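> I have a structure here, written as structure tokens, and I will follow up with some questions on it.
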Amino acid sequence: MSDPATNETARVEAFSDGVFAIAITLLILEIKVPPSAAHDGLLVGLKNLWPSYLAYVASFATIGVMWLNHHRLFTLIVKNDDRIIAFNLLLLLPISWMPFPTALLAEHLHGPDSVIAGVVYAGSFFFIAIIFNLMWRYALKVQAVAAHADAQGITRQYALGPVMYAALVGAAFISGTVVLIVSALYAIYFALPPRLWRKA
């Protein structure tokens with residue numbers, strides 16, 4: 001007979017997978033087809049969309065890696081309670097919001113409002129990083145996490161998250177393009193296996 005607690009965490013992960021999938025799919029809808037009446041031709045119109053391409057790739061990579069880390073957490077979280085569910089819903093709130101700041105930054109990447117758009121984009125990821133840490137640390141506190149060598153590594157790896165994304169907010173005052181490139185590089189960091197942060 002299956003464990004009811006395991007079934008409940010599986011339901012949380014399945015629901016979350018759906019939200020991640022929708023958010024990551026909506027990103028592509030913000031890349032608009034160049035109008036056929038453009039005087040410079042289709043090739044130029046496609047080239048002019050490069051801010052949207054860059055924003056799409058950066059957000060796809062970041063949300064994809066956040067989905068990967070969410071899966072890692074709920075592989076180890078074996079018990080569930082109302083607060084874990086609340087933290088998870090709070091995490092999904094900015095995840096589902098991300099197509100908007102992605103489109104916003106792509107649209108204003110080189111305009112006079114690029115700093116505002118960059119702060120909204122980076123600030124959204126900063127909020128997500130905080131919620132990831134709070135949910136994981138709460139799960140550890142209530143002993144909802146299975147004994148596993150990666151648990152300590154995850155804690156150490158996540159600890160830098162809020163600091164890194166706070167720095168990304170600061171990067172918005174330099175360049176929106178820098179924000180997107182650094183965001184994609186951060187995705188590589190969080191895609192690395194937690195075992196790299198285990199204590200020797």
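Labels used: A, B, ... for chains in the order of the structure tokens, numbers from 1 for residues in each chain, and numbers from 1 for ligands as shown.
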Show me a table, sorted first by chain and then by increasing residue number, of the residues of segment 22-76 of chain A having an atom at most 12 Å from segment 84-90 of chain A, each with its shortest atom pair and the distance in Å to one decimal, counting only C-alpha atoms and written as CSV.


residue,atom,partner,partner_atom,distance
A:His70,CA,A:Asn88,CA,9.3
A:His71,CA,A:Asn88,CA,11.9
A:Leu73,CA,A:Asn88,CA,11.0
A:Phe74,CA,A:Asn88,CA,10.4

> Would you kindly return, as a ChimeraX atom specification, each protein, DNA or RNA residue with an atom no farther than 10 Å from any atom of Asp81 of chain A, considering only C-alpha atoms and excluding same-chain residues fewer than 2 positions away?

/A:5,8-9,79,83-86,139,142,144

> Which residues, written as a list in words, have at least one atom at most 6 Å from segment 120-125 of chain A, with only C-alpha atoms counted and residues fewer than 2 positions away on the same chain left out?

Pro101, Ala117, Gly118, Phe127, Ile128, Leu168 and Val169 of chain A

> Could you give me, as a ChimeraX atom specification, each residue of segment 23-75 of chain A that DSSP assigns to alpha helix (DSSP H) when run on this structure's backbone?

/A:23-29,42-47,50-75

> Dump C-alpha atoms for the selected residues as a tab-separated table (two decimals), in the first residue's frame?


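Output contents, as saved in again_25.tsv:
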chain	number	residue	atom	x	y	z
A	23	ALA	CA	4.99	29.49	-17.61
A	24	ILE	CA	7.83	28.22	-19.76
A	25	THR	CA	5.48	27.76	-22.74
A	26	LEU	CA	4.04	31.26	-22.45
A	27	LEU	CA	7.52	32.73	-22.90
A	28	ILE	CA	7.50	31.99	-26.64
A	29	LEU	CA	4.14	33.71	-27.11
A	42	LEU	CA	11.50	39.98	-43.15
A	43	LEU	CA	15.18	39.26	-42.53
A	44	VAL	CA	15.75	42.66	-40.94
A	45	GLY	CA	12.54	42.26	-38.96
A	46	LEU	CA	13.74	38.94	-37.58
A	47	LYS	CA	17.14	40.41	-36.69
A	50	TRP	CA	17.09	39.77	-30.96
A	51	PRO	CA	16.16	41.30	-27.55
A	52	SER	CA	13.14	38.97	-27.48
A	53	TYR	CA	15.31	35.98	-28.42
A	54	LEU	CA	17.81	36.78	-25.67
A	55	ALA	CA	15.09	37.32	-23.07
A	56	TYR	CA	13.40	34.07	-24.11
A	57	VAL	CA	16.59	32.01	-23.81
A	58	ALA	CA	17.55	33.56	-20.44
A	59	SER	CA	14.10	33.04	-18.92
A	60	PHE	CA	13.69	29.56	-20.42
A	61	ALA	CA	17.03	28.51	-18.92
A	62	THR	CA	16.26	30.03	-15.53
A	63	ILE	CA	12.73	28.69	-15.19
A	64	GLY	CA	13.87	25.32	-16.51
A	65	VAL	CA	16.58	25.08	-13.87
A	66	MET	CA	14.14	26.21	-11.19
A	67	TRP	CA	11.88	23.35	-12.24
A	68	LEU	CA	14.89	21.02	-11.97
A	69	ASN	CA	15.61	22.26	-8.44
A	70	HIS	CA	11.96	22.03	-7.44
A	71	HIS	CA	12.05	18.38	-8.53
A	72	ARG	CA	15.24	17.86	-6.50
A	73	LEU	CA	13.59	19.27	-3.39
A	74	PHE	CA	10.43	17.22	-3.66
A	75	THR	CA	12.45	14.08	-4.27

> As an exercise, work out the distance from atom CA of Leu185 of chain A to atom CA of Leu105 of chain A in Å and give it to one decimal place.

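Atom CA of Leu185 of chain A sits 17.4 Å away from atom CA of Leu105 of chain A.
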
> Please build the interface table for segment 29-143 of chain A against segment 173-177 of chain A with a cut-off of 7 Å, listing for each qualifying residue the nearest atom pair and the distance in Å to one decimal; count only C-alpha atoms, order rows by chain and increasing number, and write it as JSON lines.


{"residue": "A:Leu109", "atom": "CA", "partner": "A:Gly176", "partner_atom": "CA", "distance": 5.5}
{"residue": "A:Ser114", "atom": "CA", "partner": "A:Gly176", "partner_atom": "CA", "distance": 6.1}
{"residue": "A:Val115", "atom": "CA", "partner": "A:Phe173", "partner_atom": "CA", "distance": 5.4}
{"residue": "A:Gly118", "atom": "CA", "partner": "A:Gly176", "partner_atom": "CA", "distance": 5.4}

> Between A:Ala21, A:Tyr138, A:Ala191, A:Ser183, which is the closest to Asn80 of chain A once you count only C-alpha atoms?

A:Tyr138

> From the options A:Ala147, A:Ile188, A:Val119, A:Val12, which residue's atoms come nearest to Ala167 of chain A, counting only C-alpha atoms?

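Smallest distance to Ala167 of chain A is found for A:Val119.
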
> Tell me, as a PyMOL selection string, which residues lie within 8 Å of Trp136 of chain A, counting only C-alpha atoms; anything in the same chain fewer than 4 positions away does not count.

chain A and resi 73+132+140+155

> Give me the residues within 9 Å of Asn133 of chain A as a VMD selection string, counting only C-alpha atoms and dropping any in the same chain fewer than 6 places off.

chain A and resid 155 158 to 159 161 to 162

> Restricted to N, CA and C atoms, what would the selected residues look like written as a short mmCIF file (atom, residue, chain, number, x, y, z; two decimals), in the first residue's frame?


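Writing done, so here's again-v1.cif:
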data_model
loop_
_atom_site.label_atom_id
_atom_site.label_comp_id
_atom_site.auth_asym_id
_atom_site.auth_seq_id
_atom_site.Cartn_x
_atom_site.Cartn_y
_atom_site.Cartn_z
N THR A 155 21.45 23.04 0.76
CA THR A 155 21.41 24.20 1.66
C THR A 155 22.52 25.18 1.34
N TYR A 158 21.97 26.82 -2.22
CA TYR A 158 20.87 27.79 -2.22
C TYR A 158 21.20 29.06 -1.45
N ALA A 159 22.09 28.95 -0.48
CA ALA A 159 22.37 30.09 0.39
C ALA A 159 22.84 31.30 -0.40
N GLY A 161 21.84 32.07 -3.40
CA GLY A 161 20.81 32.50 -4.33
C GLY A 161 20.32 33.93 -4.14
N PRO A 162 19.83 34.29 -2.94
CA PRO A 162 19.36 35.66 -2.74
C PRO A 162 20.45 36.70 -2.97
#
